[in-house]
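Q: If you scroll down you'll find the structure; I have some questions about it.
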Amino acid sequence: MALILGIESSCDETAAALVDSDRRILAQAIASQEAEHAPYGGVVPEIAARAHAMRLVPLIERVLKEANRTLSDLDAIAATAGPGLIGGVMVGLVTAKALAMAGDLPLLAINHLEGHALSPRLADPSLQFPYALLLVSGGHCQILRVDGPGRYRRLATTIDDALGEAFDKTAKILGLGYPGGPAVERLALAGNPRAVPLPRPLVGSGEVHFSFAGLKSAVLRAAESGAHEPADIAASFQAAAVDCIIDRTSLALKGMGPVSALVVAGGVAANQTIRAALEGLAANHGLPFIAPPLALCTDNAAMIAWAGVERMAAGFPADPLDVAARPRWPL
Ligand code: KG4
Ligand code: ZN
């Protein structure tokens, strides 16, 4: 049995969690910076880094206390080493290095995307490799075949915006503030998804990739025209996004080889309409559909600790104390 401290600081959530190899989350804490970034309508990297620097160590202290553990009870320290906003990543990674040195513990430099990709296995012990993964967050929009820790085949990515980014920009256009995804989803409940004609970029294309820039521009034009209710725009945007996701994921599934399940992860996986559509798609392909609980979809430290558990179990070595923080780091 291994016990790992996970640290996440790559965007606007400061998070720490203690997770063991039996899939138990012994304690976790997340400090959101929503209030700090809200006046700017998006995450300001410098403000994020300062907030991480202020909050991370007390948060780790709290998590250890809550679980009644000390550094000497741990088997490793896992921290996000990228990709993400580099100032924040450095705060988390340097903290992890210092703790690893102080506790004479292995350091595991985790790819944030691997955290999202493996998080469904923390919640669901029955999920076996390989599985098809739609990874949709604020910074990423990819379809992967997950063959195991450190073993990914990417079938699709976005040629412009990520899906979460499109939600956030739509929210900004509609004056819904930040963070945008949940606000658009809420407003869409009151709208008609067929009211505003919007494009479905790349739908029907034989090449598996995503594109959301054209959809975003069309949302802007629809809003500026003054001819539509904001709720109708939100609902129509969400419907267009769902059509794109389903079309692209369906195509990817056909070219992926046998997989055990269709899995969705990342912040946008919190969206109920998207979940429901993917569930239908999985059924059409004869696959179980798996989505982690909402708290594991958005950024959190339990998924980083869990990626550490999986990597240790798969025999990956610890990282050296001079391992670099990486703003970009494809899986
Ligand atoms: O994974 P995540 O917490 O951070 C990144 O690594 O990017 O994802 C955040 C993204 C944001 O763009 C946010 O607007 C979006 O996920 N999001 C949603 C919902 N909840 C969060 N998008 C659509 N519907 C939601 N309910
Ligand atoms: Zn994320």
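Just so we're on the same page: first chain in the structure tokens is A, next is B, and so on; residues restart at 1 for each chain, and ligands are numbered from 1 in the order they show up.
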Would you list the contacts of Gly103 in chain A as a list of chain:residue names, taking every protein, DNA or RNA residue within 12 Å and counting only C-alpha atoms, but skipping same-chain residues closer than 2 positions in sequence?

A: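 In the requested form, the answer reads A:Leu5, A:Thr70, A:Leu71, A:Ser72, A:Asp73, A:Leu74, A:Asp75, A:Ala76, A:Ile77, A:Ala96, A:Lys97, A:Ala98, A:Leu99, A:Ala100, A:Met101, A:Leu105, A:Pro106, A:Leu107.
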
Q: Find the spatial neighbours of Asp247 in chain A, counting only C-alpha atoms, within a cut-off of 12 Å - ignore same-chain residues fewer than 2 positions away - and output them as a ChimeraX atom specification.

A: /A:200-210,240-245,249-254,277-278,281

Q: Based on the selection just made, write N, CA and C atoms of those residues as a compact mmCIF listing (two decimals), in the first residue's frame.

A:
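This is the output file part_21.txt:
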```txt
# COMPACT_ATOMS: atom_id res chain seq x y z
N ARG A 200 -21.36 24.18 -37.30
CA ARG A 200 -20.77 23.01 -36.62
C ARG A 200 -19.42 22.76 -37.29
N PRO A 201 -18.35 23.48 -36.91
CA PRO A 201 -17.10 23.35 -37.64
C PRO A 201 -16.59 21.92 -37.70
N LEU A 202 -16.20 21.50 -38.90
CA LEU A 202 -15.58 20.20 -39.19
C LEU A 202 -16.52 19.00 -39.10
N VAL A 203 -17.78 19.24 -38.72
CA VAL A 203 -18.70 18.10 -38.66
C VAL A 203 -18.85 17.51 -40.05
N GLY A 204 -18.70 16.18 -40.14
CA GLY A 204 -18.76 15.51 -41.45
C GLY A 204 -17.40 15.38 -42.10
N SER A 205 -16.39 16.09 -41.57
CA SER A 205 -15.06 15.99 -42.16
C SER A 205 -14.45 14.64 -41.82
N GLY A 206 -13.67 14.08 -42.76
CA GLY A 206 -13.10 12.76 -42.55
C GLY A 206 -11.89 12.78 -41.64
N GLU A 207 -11.38 13.97 -41.36
CA GLU A 207 -10.19 14.06 -40.50
C GLU A 207 -10.64 14.36 -39.08
N VAL A 208 -10.14 13.59 -38.11
CA VAL A 208 -10.62 13.76 -36.73
C VAL A 208 -9.92 14.91 -36.03
N HIS A 209 -10.45 16.12 -36.11
CA HIS A 209 -9.93 17.18 -35.28
C HIS A 209 -11.07 18.07 -34.85
N PHE A 210 -10.79 18.95 -33.88
CA PHE A 210 -11.80 19.90 -33.42
C PHE A 210 -11.46 21.30 -33.89
N ALA A 240 -24.62 23.19 -30.58
CA ALA A 240 -23.61 23.10 -31.65
C ALA A 240 -22.37 22.40 -31.13
N ALA A 241 -21.97 22.76 -29.91
CA ALA A 241 -20.78 22.13 -29.30
C ALA A 241 -21.00 20.63 -29.16
N VAL A 242 -22.18 20.24 -28.71
CA VAL A 242 -22.49 18.81 -28.54
C VAL A 242 -22.41 18.09 -29.88
N ASP A 243 -22.99 18.69 -30.93
CA ASP A 243 -22.95 18.06 -32.26
C ASP A 243 -21.50 17.83 -32.71
N CYS A 244 -20.65 18.85 -32.49
CA CYS A 244 -19.23 18.72 -32.87
C CYS A 244 -18.57 17.57 -32.11
N ILE A 245 -18.80 17.54 -30.81
CA ILE A 245 -18.16 16.52 -29.98
C ILE A 245 -18.60 15.12 -30.39
N THR A 249 -16.03 12.46 -31.96
CA THR A 249 -15.74 11.30 -31.10
C THR A 249 -16.17 10.01 -31.80
N SER A 250 -17.30 10.09 -32.50
CA SER A 250 -17.79 8.92 -33.22
C SER A 250 -16.77 8.49 -34.27
N LEU A 251 -16.24 9.46 -35.01
CA LEU A 251 -15.24 9.17 -36.04
C LEU A 251 -13.98 8.58 -35.40
N ALA A 252 -13.54 9.17 -34.30
CA ALA A 252 -12.32 8.68 -33.63
C ALA A 252 -12.50 7.24 -33.15
N LEU A 253 -13.69 6.93 -32.61
CA LEU A 253 -13.94 5.58 -32.10
C LEU A 253 -13.78 4.54 -33.21
N LYS A 254 -14.18 4.94 -34.42
CA LYS A 254 -14.10 4.00 -35.54
C LYS A 254 -12.64 3.68 -35.92
N ALA A 277 -25.21 13.25 -23.98
CA ALA A 277 -25.00 12.95 -25.40
C ALA A 277 -23.93 11.88 -25.57
N LEU A 278 -22.89 11.95 -24.77
CA LEU A 278 -21.81 10.97 -24.87
C LEU A 278 -22.28 9.59 -24.42
N LEU A 281 -23.91 8.12 -27.35
CA LEU A 281 -22.91 7.73 -28.35
C LEU A 281 -22.25 6.41 -27.95
```

Q: Neighbouring residues of ligand 2 are defined here as those with any atom at most 10 Å from a ligand atom, counting only C-alpha atoms and all ligand atoms; list them as a PyMOL selection string.

A: chain A and resi 8-13+83-84+112-117+135-140+265-268+296-300+303

Q: If we count only C-alpha atoms, what is near range 312-325 of chain A at a cut-off of 8 Å, once residues fewer than 4 positions away on the same chain are taken out, given as an MDAnalysis selection string?

A: chainID A and resid 81:82 86 89:90 93 97 106:109 149 308

Q: Quick one: pick out all strand (DSSP E) residues within range 98-286 of chain A from a backbone DSSP run and write them as a list in words.

A: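 Matching residues for strand (DSSP E) in range 98-286 of chain A are Leu107, Leu108, Ala109, Ile110, Asn111, Tyr131, Ala132, Leu133, Leu134, Leu135, Val136, Cys141, Gln142, Ile143, Leu144, Arg145, Val146, Asp147, Gly148, Arg151, Tyr152, Arg153, Arg154, Leu155, Ala156, Leu262, Val263, Val264 and Ala265 of chain A.
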
Q: The selected residues should be written to file as a CSV table (one decimal), in the first residue's frame (atoms: N, CA and C atoms).

A:
```
chain,number,residue,atom,x,y,z
A,107,LEU,N,10.1,12.1,-5.6
A,107,LEU,CA,9.3,13.2,-6.3
A,107,LEU,C,8.7,12.6,-7.6
A,108,LEU,N,7.4,12.8,-7.8
A,108,LEU,CA,6.8,12.4,-9.0
A,108,LEU,C,6.3,13.7,-9.8
A,109,ALA,N,6.9,14.0,-10.9
A,109,ALA,CA,6.5,15.2,-11.7
A,109,ALA,C,5.4,14.7,-12.6
A,110,ILE,N,4.2,15.2,-12.4
A,110,ILE,CA,3.1,14.6,-13.1
A,110,ILE,C,2.6,15.6,-14.2
A,111,ASN,N,2.3,15.0,-15.4
A,111,ASN,CA,1.6,15.7,-16.4
A,111,ASN,C,0.2,15.9,-16.1
A,131,TYR,N,-8.8,2.4,-23.0
A,131,TYR,CA,-10.1,3.0,-23.1
A,131,TYR,C,-10.0,4.3,-24.0
A,132,ALA,N,-11.1,4.6,-24.5
A,132,ALA,CA,-11.2,5.9,-25.3
A,132,ALA,C,-11.5,7.0,-24.4
A,133,LEU,N,-10.7,8.1,-24.5
A,133,LEU,CA,-10.9,9.2,-23.6
A,133,LEU,C,-11.1,10.5,-24.4
A,134,LEU,N,-12.2,11.2,-24.1
A,134,LEU,CA,-12.4,12.6,-24.6
A,134,LEU,C,-12.0,13.5,-23.4
A,135,LEU,N,-10.9,14.2,-23.6
A,135,LEU,CA,-10.4,15.1,-22.6
A,135,LEU,C,-10.7,16.5,-23.0
A,136,VAL,N,-11.6,17.1,-22.2
A,136,VAL,CA,-12.1,18.4,-22.6
A,136,VAL,C,-12.0,19.4,-21.4
A,141,CYS,N,-8.5,19.9,-25.7
A,141,CYS,CA,-9.6,19.3,-26.3
A,141,CYS,C,-9.0,18.2,-27.2
A,142,GLN,N,-9.0,17.0,-26.6
A,142,GLN,CA,-8.3,15.9,-27.3
A,142,GLN,C,-9.1,14.6,-27.2
A,143,ILE,N,-8.9,13.7,-28.2
A,143,ILE,CA,-9.4,12.3,-28.1
A,143,ILE,C,-8.2,11.4,-28.0
A,144,LEU,N,-8.1,10.6,-27.0
A,144,LEU,CA,-7.0,9.7,-26.8
A,144,LEU,C,-7.4,8.3,-26.7
A,145,ARG,N,-6.5,7.4,-27.0
A,145,ARG,CA,-6.6,6.0,-26.5
A,145,ARG,C,-5.7,5.8,-25.4
A,146,VAL,N,-6.2,5.5,-24.2
A,146,VAL,CA,-5.3,5.4,-23.1
A,146,VAL,C,-5.0,3.9,-22.9
A,147,ASP,N,-3.7,3.6,-23.2
A,147,ASP,CA,-3.2,2.2,-23.1
A,147,ASP,C,-2.6,1.8,-21.7
A,148,GLY,N,-2.3,2.9,-21.0
A,148,GLY,CA,-1.7,2.6,-19.6
A,148,GLY,C,-1.0,3.9,-19.2
A,151,ARG,N,1.3,5.8,-21.5
A,151,ARG,CA,1.1,5.3,-22.9
A,151,ARG,C,-0.3,5.8,-23.5
A,152,TYR,N,-0.1,6.8,-24.3
A,152,TYR,CA,-1.3,7.4,-24.9
A,152,TYR,C,-1.2,7.5,-26.4
A,153,ARG,N,-2.3,7.3,-27.1
A,153,ARG,CA,-2.3,7.5,-28.6
A,153,ARG,C,-3.3,8.6,-28.8
A,154,ARG,N,-2.8,9.8,-29.3
A,154,ARG,CA,-3.7,10.9,-29.6
A,154,ARG,C,-4.3,10.8,-30.9
A,155,LEU,N,-5.6,10.8,-31.0
A,155,LEU,CA,-6.3,10.7,-32.3
A,155,LEU,C,-6.8,12.0,-32.8
A,156,ALA,N,-7.0,12.9,-31.9
A,156,ALA,CA,-7.6,14.2,-32.3
A,156,ALA,C,-7.2,15.3,-31.3
A,262,LEU,N,-15.9,4.2,-23.3
A,262,LEU,CA,-15.8,5.6,-23.6
A,262,LEU,C,-15.8,6.4,-22.3
A,263,VAL,N,-14.7,7.2,-22.1
A,263,VAL,CA,-14.6,7.9,-20.9
A,263,VAL,C,-14.4,9.4,-21.2
A,264,VAL,N,-15.0,10.2,-20.4
A,264,VAL,CA,-14.8,11.7,-20.5
A,264,VAL,C,-14.2,12.2,-19.3
A,265,ALA,N,-13.3,13.2,-19.5
A,265,ALA,CA,-12.6,13.8,-18.3
A,265,ALA,C,-12.3,15.2,-18.6
```
